[in-house]
Each structure stands twice: as C-alpha cells, then as structure tokens.
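Scroll down for the structure; my scribbles are underneath it.
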Amino acid sequence: MVAGVAIVLAALGARAAPPAAALSKGLSLEQIRGVMRANARAFNACLTAATRQRKQFHGPFVYQIVVDKKGKVTSARPYQPSAVAAFDRCVVGVLLHAKFPGGPASVETPLVFDAD
C-alpha cells in the first residue's frame with residue numbers, strides 16, 4: 001500500500017560543524033525540516049521504488065548530512081543502511097541535490113514515511 005504514502009520528517013540533531021570560521025551560521029531545526037519537506041516528493045519516489053523490490057520494507061531511516069557554509073550538501077550517507085541498497089542510493093542522491101539556506105552544519109535526520 002504505497003499509493004497514498006505521505007512523508008513526515010523531523011531532524012534528530014542539528015549540530016553546527018566544528019568552528020572553522022566565526023561567521024558560521026549553522027541551521028535551525030525549522031530550516032532543516034523545511035528543506036527535507038521540500039524534497040518529500042523525491043523521497044516518496046525512492047520509497048515507492050524500494051517497495052516494488054521488497055514488500056515488507058520499513059525504517060527507521062536515518063541519514064547523516066554535512067552542509068557547507070553555502071548550503072550545499074557535501075556528504076550524505078545512511079546512518080545504518082536499509083535492507084534495499086537502491087533506496088539508500090536514491091535518498092542520498094536526493095540529499096546531495098538539496099540546497100540548505102545556510103551552514104556549515106552536520107545533521108542526522110530521520111525519514112519517517114506515514115501511510116495515510
């Protein structure tokens with residue numbers, strides 16, 4: 001039952017990257033959630049493709065993201081790989097193309113899919 005999948009996102013922890021410059025801005029929880037929600041359709045597409053391969057596919061799905069001072073994602077990886085490697089590759093691809101409104105920051109964020 002993937003047809004009505006909606007995504008609910010929250011950030012576990014937004015930690016500022018090690019202080020490289022006094023002007024580093026970091027990211028608020030609201031900024032992180034906003035970017036993740038803006039990419040919800042792409043995350044849903046990743047889930048839809050994964051559930052075609054494996055019917056009993058569920059999380060938790062937690063990803064580690066590093067954002068530079070310009071808001072570009074420089075690194076993204078699953079905290080713990082899921083049972084479907086293609087899903088992880090898809091999500092990482094979405095994250096690497098995401099643009100944040102600041103940085104630097106190191107973030108761990110879960111993806112929680114809610115089947116409404």
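Going by the structure tokens order, chains are called A, B, ..., each with residues numbered from 1, while ligands are numbered from 1 in the order shown.
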Neighbour list for Arg89 (chain A) as a list in words, cut-off 12 Å, only C-alpha atoms, skip fewer than 5 positions in-chain: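 Neighbouring residues, sequence-local ones excluded: Phe43, Cys46, Leu47, Ala49, Ala50, Tyr63, Ala76, Arg77, Pro78, Pro81, Ser82, Ala83, Val84, Val94, Leu95 and Leu96 of chain A.
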Expected answer as a list of chain:residue names: strand (DSSP E or B) residues in region 56-108 of chain A: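 So, restricting region 56-108 of chain A to strand (DSSP E or B), we get A:Phe61, A:Val62, A:Tyr63, A:Gln64, A:Ile65, A:Val66, A:Val67, A:Lys72, A:Val73, A:Thr74, A:Ser75, A:Ala76, A:Arg77, A:Pro78, A:Lys99, A:Ala105, A:Ser106, A:Val107, A:Glu108.
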Take the selection from the previous step and output its residues with N, CA and C atoms, as a short mmCIF file (atom, residue, chain, number, x, y, z; two decimals), in the first residue's frame.
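Result file is selection-v6.cif:
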```cif
data_model
loop_
_atom_site.label_atom_id
_atom_site.label_comp_id
_atom_site.auth_asym_id
_atom_site.auth_seq_id
_atom_site.Cartn_x
_atom_site.Cartn_y
_atom_site.Cartn_z
N PHE A 61 14.75 5.10 9.07
CA PHE A 61 15.77 5.50 8.10
C PHE A 61 16.39 6.80 8.61
N VAL A 62 17.66 6.75 8.97
CA VAL A 62 18.36 7.93 9.49
C VAL A 62 19.55 8.21 8.58
N TYR A 63 19.69 9.47 8.20
CA TYR A 63 20.77 9.87 7.30
C TYR A 63 21.63 10.95 7.93
N GLN A 64 22.92 10.87 7.67
CA GLN A 64 23.88 11.88 8.14
C GLN A 64 24.20 12.78 6.96
N ILE A 65 24.10 14.07 7.19
CA ILE A 65 24.29 15.06 6.13
C ILE A 65 25.30 16.10 6.61
N VAL A 66 26.23 16.46 5.74
CA VAL A 66 27.16 17.55 6.02
C VAL A 66 26.88 18.66 5.01
N VAL A 67 26.67 19.87 5.52
CA VAL A 67 26.32 21.02 4.69
C VAL A 67 27.44 22.06 4.83
N LYS A 72 25.37 23.96 0.49
CA LYS A 72 25.49 22.79 -0.39
C LYS A 72 25.78 21.55 0.45
N VAL A 73 25.09 20.47 0.14
CA VAL A 73 25.34 19.20 0.82
C VAL A 73 26.62 18.61 0.24
N THR A 74 27.62 18.43 1.09
CA THR A 74 28.90 17.89 0.63
C THR A 74 29.04 16.41 0.92
N SER A 75 28.19 15.91 1.81
CA SER A 75 28.23 14.49 2.15
C SER A 75 26.86 14.07 2.67
N ALA A 76 26.44 12.89 2.26
CA ALA A 76 25.19 12.32 2.74
C ALA A 76 25.35 10.81 2.73
N ARG A 77 24.92 10.17 3.81
CA ARG A 77 25.01 8.71 3.88
C ARG A 77 24.03 8.20 4.91
N PRO A 78 23.60 6.95 4.73
CA PRO A 78 22.70 6.38 5.73
C PRO A 78 23.46 6.13 7.03
N LYS A 99 19.38 21.91 -1.29
CA LYS A 99 20.05 23.17 -1.01
C LYS A 99 19.50 23.72 0.30
N ALA A 105 26.95 22.88 8.74
CA ALA A 105 26.24 22.07 9.72
C ALA A 105 26.46 20.60 9.44
N SER A 106 26.37 19.82 10.50
CA SER A 106 26.37 18.37 10.40
C SER A 106 25.06 17.92 11.03
N VAL A 107 24.27 17.18 10.26
CA VAL A 107 22.91 16.86 10.65
C VAL A 107 22.66 15.37 10.58
N GLU A 108 21.94 14.84 11.54
CA GLU A 108 21.39 13.49 11.47
C GLU A 108 19.88 13.67 11.43
#
```
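Our summary of the geometry notes that CA of Lys70 (chain A) is positioned 13.9 Å from CA of Gln31 (chain A).
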Counting only C-alpha atoms, the residue of A:Leu27, A:Ala40, A:Val91, A:Ala85 that sits nearest Lys69 (chain A):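 Of A:Leu27, A:Ala40, A:Val91, A:Ala85, the one nearest Lys69 (chain A) is A:Leu27, counting only C-alpha atoms.
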Computed interatomic separation between CA of Pro110 (chain A) and CA of Met36 (chain A) (Å): 9.8 Å
Between CA of Phe87 (chain A) and CA of Asn39 (chain A), distance in Å (one decimal):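 Distance between the two atoms: 14.9 Å.
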For Thr51 (chain A), the nearest of the candidates A:Ala86, A:Val35, A:Val92, A:Leu111, counting only C-alpha atoms: A:Ala86
Option closest in space to Gly93 (chain A), from A:Ala45, A:Gln56, A:Gly26, A:Gly34 [counting only C-alpha atoms]: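 Using only C-alpha atoms, the shortest distance to Gly93 (chain A) belongs to A:Ala45.
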